[in-house]
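Taking it in order: structure first as structure tokens, then the write-up.
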Amino acid sequence: MRLSFISCTIALAAICSLHGCHDVPKAASTPAPAQAKMPTEDSQALLNGMVFDQVWVIIRDTHPDPSINQGQWNDMRLEYRDRAVAATDAETFRTVLRDMLQTLGESHFAIIPNSVSGSPGASGGWSGITMQVLEGDAIVTRVAANSPAAIAGIKTGWKLISSDGDPIEPIIREFGAPRTSLERLARDQAISAFIGGRPGMSPKYLFTDSSGIGHEIVITFEDPPGQLVTMGNLPPFAAESEWSWLTDEQIKSVGGDPSKTGHIGYLRFSVWLTALSPAIDDALTAFRSADGIVIDLRSNPGGLGLMATGVAGHFLQEPTSLGTMHGRDMKIDFRTNPRTVDRAGNSIGICTCPVAILVDGHTGSTSEIFAAGLLDLHRAQPFGQTTAGAALPATTHNLKNGDVLLHAIGDFRTPSGNLVEGEGVKQQIGTPPTRGDYTSSPDCELRDALHWIARERSEGRTESKKPLESTKTP
């Protein structure tokens with residue numbers, strides 16, 4: 001077992017076959033050795049029972065709520081064990097386990113097939129398109145620069161109608177209006193699977209723009225940008241980062257005013273892993289002279305939880321708690337590590353300018369801990385759609401059939417006691433962008449962040465002077 005703060009959304013992306021997507025390669029069939037015996041019906045049932053009991057016991061003994069043993073989980077064993085034992089193939093068996101795990105109503109519980117675990121192919125193809133459901137429609141909310149989607153001509157604000165002739169509307173209708181963040185996360189993962197593909201695939205999509213005009217677009221998927229990295233026994237996935245000073249032209253292109261925003265540092269990274277730590281630290285060290293900093297965590301599913309304490313240390317003078325993780329007989333305080341010197345040992349102080357964090361419905365886990373903690377401390381403001389609400393710390397466990405169980409081992413709350421799991425991080429200044437905003441601006445989250453930074457500067461508010469006030473516009 002590997003103890004670490006693992007992102008549920010990373011795991012869900014790796015096993016998007018749960019939703020019937022076509023970007024996870026099938027396991028190659030390997031002939032059994034001549035001397036090996038094919039499993040009999042009895043031996044398969046025996047293995048199913050052993051693995052089912054293994055999963056049930058792990059959850060019983062590690063779930064952060066010890067009261068789970070006082071009825072609910074015992075009932076689940078009685079309800080699902082016979083179905084699991086009777087399963088005649090691996091996928092049917094996994095479905096029974098997943099159904100049982102879903103009764104917990106929490107993120108960070110998943111079964112990862114042995115054919116996917118450790119397979120680089122599980123990362124799938126990359127189109128550079130982000131879609132979110134706004135007012136019941138699947139809307140393009142982001143198109144990565146120089147991505148296959150950008151090259152194909154996709155625009156933000158467009159509504160998706162179909163993929164290779166299959167309409168998306170039934171998927172949205174099946175999920176209905178999500179009652180919880182977990183249901184919303186499942187819907188978003190289903191949509192991501194629906195529009196996904198392996199590198200080299202070229203599906204045809206039908207979109208309509210804000211005027212109702214249809215656009216048939218073919219996107220050819222590429223390998224994801226960045227380096228393949230691994231975390232525990234989860235499948236490898238691509239990690240990348242970028243940082244720069246926004247030019248006057250870039251600020252103007254999204255509706256900002258360079259004379260009011262000043263010198264803006266922009267940092268984006270795709271996952272919280274130590275492989276990206278040097279680049280993140282270099283960026284935030286360089287941004288000590290910035291008038292405002294934008295950290296782009298859109299579509300960042302999380303990663304190693306304690307990494308957030310180091311990054312947050314660039315913005316807080318004293319060791320400060322981002323929140324606390326509680327589990328069975330344990331308590332971990334996510335206390336920041338002030339980063340007041342550079343790698344050469346030179347004193348650089350901390351970043352005192354306004355900090356904006358860009359988020360969306362695919363922002364999860366460690367990204368939510370980071371954003372929620374700094375928001376709670378009045379040290380940053382989020383801009384974008386409500387995050388995934390999947391913030392439980394989790395670990396993985398190898399099962400006897402070769403699959404991997406991802407399971408939560410704790411709960412997390414911000415310093416003021418706010419719950420992130422099931423709630424997500426919400427924009428506090430103004431309101432989240434609408435389809436009209438995505439249609440009118442190439443990057444409306446960045447636009448809103450820059451407007452806020454400009455207002456903070458005009459009012460002379462920096463963190464070295466006074467905490468930011470958290471306000472909500474009706």
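Each chain in the structure tokens gets a letter, A, B, ..., in the order shown, and its residues are numbered from 1; ligands are numbered from 1 in order too.
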
Excluding Ala356 in chain A and residues on its chain fewer than 6 positions from it, collect all residues at most 12 Å away from it, counting only C-alpha atoms, and give them as number ranges by chain.
-> A: 264-268, 291-297, 315, 370-371, 374-375, 378-384, 427-429, 445-454, 456, 468

I need the chosen residues saved as a CSV table (one decimal), in the first residue's frame, with N, CA and C atoms.
```
chain,number,residue,atom,x,y,z
A,264,ILE,N,2.1,41.3,-14.8
A,264,ILE,CA,1.3,40.1,-14.4
A,264,ILE,C,2.1,38.9,-14.7
A,265,GLY,N,2.4,38.1,-13.6
A,265,GLY,CA,3.0,36.8,-13.8
A,265,GLY,C,1.9,35.7,-14.0
A,266,TYR,N,2.1,34.8,-14.9
A,266,TYR,CA,1.2,33.8,-15.2
A,266,TYR,C,1.8,32.4,-15.1
A,267,LEU,N,1.2,31.5,-14.3
A,267,LEU,CA,1.8,30.2,-14.1
A,267,LEU,C,0.7,29.2,-14.3
A,268,ARG,N,0.9,28.1,-15.1
A,268,ARG,CA,0.0,27.0,-15.3
A,268,ARG,C,0.8,25.7,-15.1
A,291,ASP,N,3.0,42.7,-10.1
A,291,ASP,CA,1.9,43.5,-9.5
A,291,ASP,C,0.7,42.6,-9.3
A,292,GLY,N,0.7,41.4,-9.9
A,292,GLY,CA,-0.4,40.5,-9.7
A,292,GLY,C,0.1,39.1,-10.3
A,293,ILE,N,-0.4,38.1,-9.7
A,293,ILE,CA,-0.1,36.7,-10.1
A,293,ILE,C,-1.3,35.9,-10.4
A,294,VAL,N,-1.3,35.2,-11.6
A,294,VAL,CA,-2.4,34.3,-12.0
A,294,VAL,C,-1.9,32.9,-12.0
A,295,ILE,N,-2.5,32.0,-11.2
A,295,ILE,CA,-2.1,30.6,-11.2
A,295,ILE,C,-3.3,29.9,-11.8
A,296,ASP,N,-3.0,29.2,-12.9
A,296,ASP,CA,-4.0,28.6,-13.7
A,296,ASP,C,-4.1,27.1,-13.4
A,297,LEU,N,-5.2,26.7,-12.6
A,297,LEU,CA,-5.4,25.3,-12.2
A,297,LEU,C,-6.6,24.7,-12.9
A,315,PHE,N,3.5,32.7,-0.6
A,315,PHE,CA,2.6,33.8,-0.4
A,315,PHE,C,2.3,34.1,1.1
A,370,PHE,N,-5.4,23.7,-2.2
A,370,PHE,CA,-4.6,24.9,-2.4
A,370,PHE,C,-5.5,26.1,-2.5
A,371,ALA,N,-6.5,26.0,-3.4
A,371,ALA,CA,-7.4,27.2,-3.7
A,371,ALA,C,-8.2,27.5,-2.4
A,374,LEU,N,-6.0,29.0,0.5
A,374,LEU,CA,-5.6,30.4,0.3
A,374,LEU,C,-6.8,31.3,0.4
A,375,LEU,N,-8.0,30.9,-0.1
A,375,LEU,CA,-9.2,31.7,-0.1
A,375,LEU,C,-9.6,31.9,1.4
A,378,HIS,N,-7.8,34.5,3.1
A,378,HIS,CA,-7.9,35.8,2.4
A,378,HIS,C,-6.6,36.1,1.6
A,379,ARG,N,-6.0,35.1,1.1
A,379,ARG,CA,-4.7,35.3,0.3
A,379,ARG,C,-4.8,35.1,-1.2
A,380,ALA,N,-6.0,34.7,-1.6
A,380,ALA,CA,-6.2,34.5,-3.1
A,380,ALA,C,-7.7,34.5,-3.4
A,381,GLN,N,-8.0,34.7,-4.6
A,381,GLN,CA,-9.4,34.6,-5.1
A,381,GLN,C,-9.5,33.7,-6.3
A,382,PRO,N,-10.5,32.8,-6.3
A,382,PRO,CA,-10.7,31.9,-7.4
A,382,PRO,C,-11.6,32.5,-8.5
A,383,PHE,N,-11.4,32.2,-9.7
A,383,PHE,CA,-12.2,32.7,-10.8
A,383,PHE,C,-12.5,31.5,-11.8
A,384,GLY,N,-13.8,31.3,-12.0
A,384,GLY,CA,-14.2,30.2,-12.9
A,384,GLY,C,-15.4,29.4,-12.4
A,427,GLN,N,-16.4,30.6,-7.0
A,427,GLN,CA,-16.0,32.0,-7.2
A,427,GLN,C,-16.7,32.9,-6.3
A,428,GLN,N,-15.9,33.8,-5.6
A,428,GLN,CA,-16.5,34.7,-4.6
A,428,GLN,C,-16.7,36.1,-5.1
A,429,ILE,N,-15.9,36.6,-6.1
A,429,ILE,CA,-16.0,37.9,-6.6
A,429,ILE,C,-16.8,37.9,-7.9
A,445,GLU,N,-12.2,33.7,-17.8
A,445,GLU,CA,-11.7,33.5,-16.4
A,445,GLU,C,-10.5,34.4,-16.2
A,446,LEU,N,-9.6,34.4,-17.2
A,446,LEU,CA,-8.4,35.3,-17.1
A,446,LEU,C,-8.8,36.8,-17.1
A,447,ARG,N,-9.8,37.1,-17.9
A,447,ARG,CA,-10.3,38.5,-18.0
A,447,ARG,C,-10.8,38.9,-16.6
A,448,ASP,N,-11.6,38.1,-16.0
A,448,ASP,CA,-12.2,38.5,-14.7
A,448,ASP,C,-11.1,38.6,-13.6
A,449,ALA,N,-10.1,37.7,-13.7
A,449,ALA,CA,-9.0,37.7,-12.7
A,449,ALA,C,-8.2,39.0,-12.9
A,450,LEU,N,-8.0,39.4,-14.1
A,450,LEU,CA,-7.2,40.7,-14.4
A,450,LEU,C,-8.0,41.9,-13.9
A,451,HIS,N,-9.3,41.9,-14.1
A,451,HIS,CA,-10.1,43.0,-13.7
A,451,HIS,C,-10.1,43.1,-12.2
A,452,TRP,N,-10.1,42.0,-11.5
A,452,TRP,CA,-10.0,42.0,-10.0
A,452,TRP,C,-8.6,42.5,-9.6
A,453,ILE,N,-7.6,42.1,-10.2
A,453,ILE,CA,-6.2,42.5,-9.8
A,453,ILE,C,-6.1,44.0,-10.0
A,454,ALA,N,-6.6,44.5,-11.1
A,454,ALA,CA,-6.6,45.9,-11.4
A,454,ALA,C,-7.3,46.7,-10.3
A,456,GLU,N,-7.9,45.7,-7.2
A,456,GLU,CA,-7.1,45.6,-6.0
A,456,GLU,C,-5.9,46.6,-6.0
A,468,LEU,N,-7.4,40.5,2.2
A,468,LEU,CA,-8.4,40.8,1.2
A,468,LEU,C,-9.8,40.4,1.9
```

Near range 197-199 of chain A, within 6 Å and counting only C-alpha atoms, which residues show up once chain neighbours fewer than 5 positions away are dropped, as a CSV table (one decimal) with C-alpha atoms, in the first residue's frame?
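Resulting contents of around_38.csv:
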```
chain,number,residue,atom,x,y,z
A,23,ASP,CA,-9.6,6.0,-25.6
A,124,GLY,CA,-5.2,8.6,-24.1
A,125,GLY,CA,-5.2,11.2,-26.8
A,221,PHE,CA,-5.9,13.6,-31.5
A,222,GLU,CA,-2.2,13.8,-30.5
A,223,ASP,CA,-0.2,12.5,-27.6
```

Within 9 Å of Phe334 in chain A, counting only C-alpha atoms, which residues show up once you throw out same-chain ones fewer than 4 positions away? Write them as a list in words, please.
->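 The residues satisfying every condition are Gly305, Leu306, Ala308, Thr309, Thr320, Ser321, Leu322, Gly323, Thr324 and Met325 of chain A.
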
As number ranges by chain, please: all residues of range 163-310 of chain A that backbone DSSP puts in helix (DSSP H, G or I).
-> A: 169-175, 181-194, 248-253, 258-261, 274-289, 307-310

Taking the chain letters and numbering used in this document, name the residues of range 249-421 of chain A that DSSP puts in strand (DSSP E or B), as a VMD selection string.
-> chain A and resid 264 to 269 272 292 to 296 303 321 to 327 330 to 335 341 347 355 to 359 381 to 384 394 to 398 404 to 408 410 to 413 419

Which one of A:Ser416, A:Thr396, A:Thr261, A:Ser277 sits closest to Ala239 in chain A if you count only C-alpha atoms?
->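 That would be A:Ser277, the residue with the smallest distance to Ala239 in chain A.
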
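Closest approach to Ala279 in chain A among A:Gly303, A:His263, A:Arg339, A:Glu242: A:Glu242, based on only C-alpha atoms.
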
Which value, in Å to one decimal, gives the distance between CA of Asn418 in chain A and CA of Pro319 in chain A?
->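 Result for CA of Asn418 in chain A versus CA of Pro319 in chain A: 19.8 Å, one decimal.
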
When you draw a straight line from CA of Ser253 in chain A to CA of Asn146 in chain A, how long is it in Å?
-> 16.5 Å

Hey, what's within 12 Å of range 42-44 of chain A if we count only C-alpha atoms and toss same-chain stuff fewer than 3 positions away? As a ChimeraX atom specification, please?
-> /A:37-39,47-51,84-90,93,401

Would you work out the distance separating CA of Lys159 in chain A from CA of Asp209 in chain A, expressed in Å to one decimal?
->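 That distance, rounded to one decimal, is 6.3 Å.
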
Contacts of Asn74 in chain A at 12 Å or less, counting only C-alpha atoms, minus same-chain residues fewer than 6 places along, as a PyMOL selection string?
-> chain A and resi 53+56-57+59-60+67-68+80-81+100

Using the selection just defined, write its residues with C-alpha atoms as a PDB file, in the first residue's frame.
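Output below, filename result_28.pdb:
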```pdb
ATOM      1  CA  ASP A  53     -13.810  -9.516   0.952  1.00  0.00           C
ATOM      2  CA  TRP A  56     -14.783  -4.705   1.916  1.00  0.00           C
ATOM      3  CA  VAL A  57     -12.302  -5.160   4.766  1.00  0.00           C
ATOM      4  CA  ILE A  59     -12.836   0.103   3.429  1.00  0.00           C
ATOM      5  CA  ARG A  60     -14.104  -1.090   6.814  1.00  0.00           C
ATOM      6  CA  SER A  67     -19.286   4.533  12.339  1.00  0.00           C
ATOM      7  CA  ILE A  68     -19.433   3.038   8.841  1.00  0.00           C
ATOM      8  CA  TYR A  80     -23.406  -7.168  -3.096  1.00  0.00           C
ATOM      9  CA  ARG A  81     -21.308 -10.219  -2.182  1.00  0.00           C
ATOM     10  CA  MET A 100     -20.902  -0.915  -3.907  1.00  0.00           C
TER      11      MET A 100
END
```

Using only C-alpha atoms, which of the listed residues (A:Ala394, A:Val355, A:Val254, A:Leu316) sits closest to Ser441 in chain A?
->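 Among the listed residues, A:Val254 lies closest to Ser441 in chain A.
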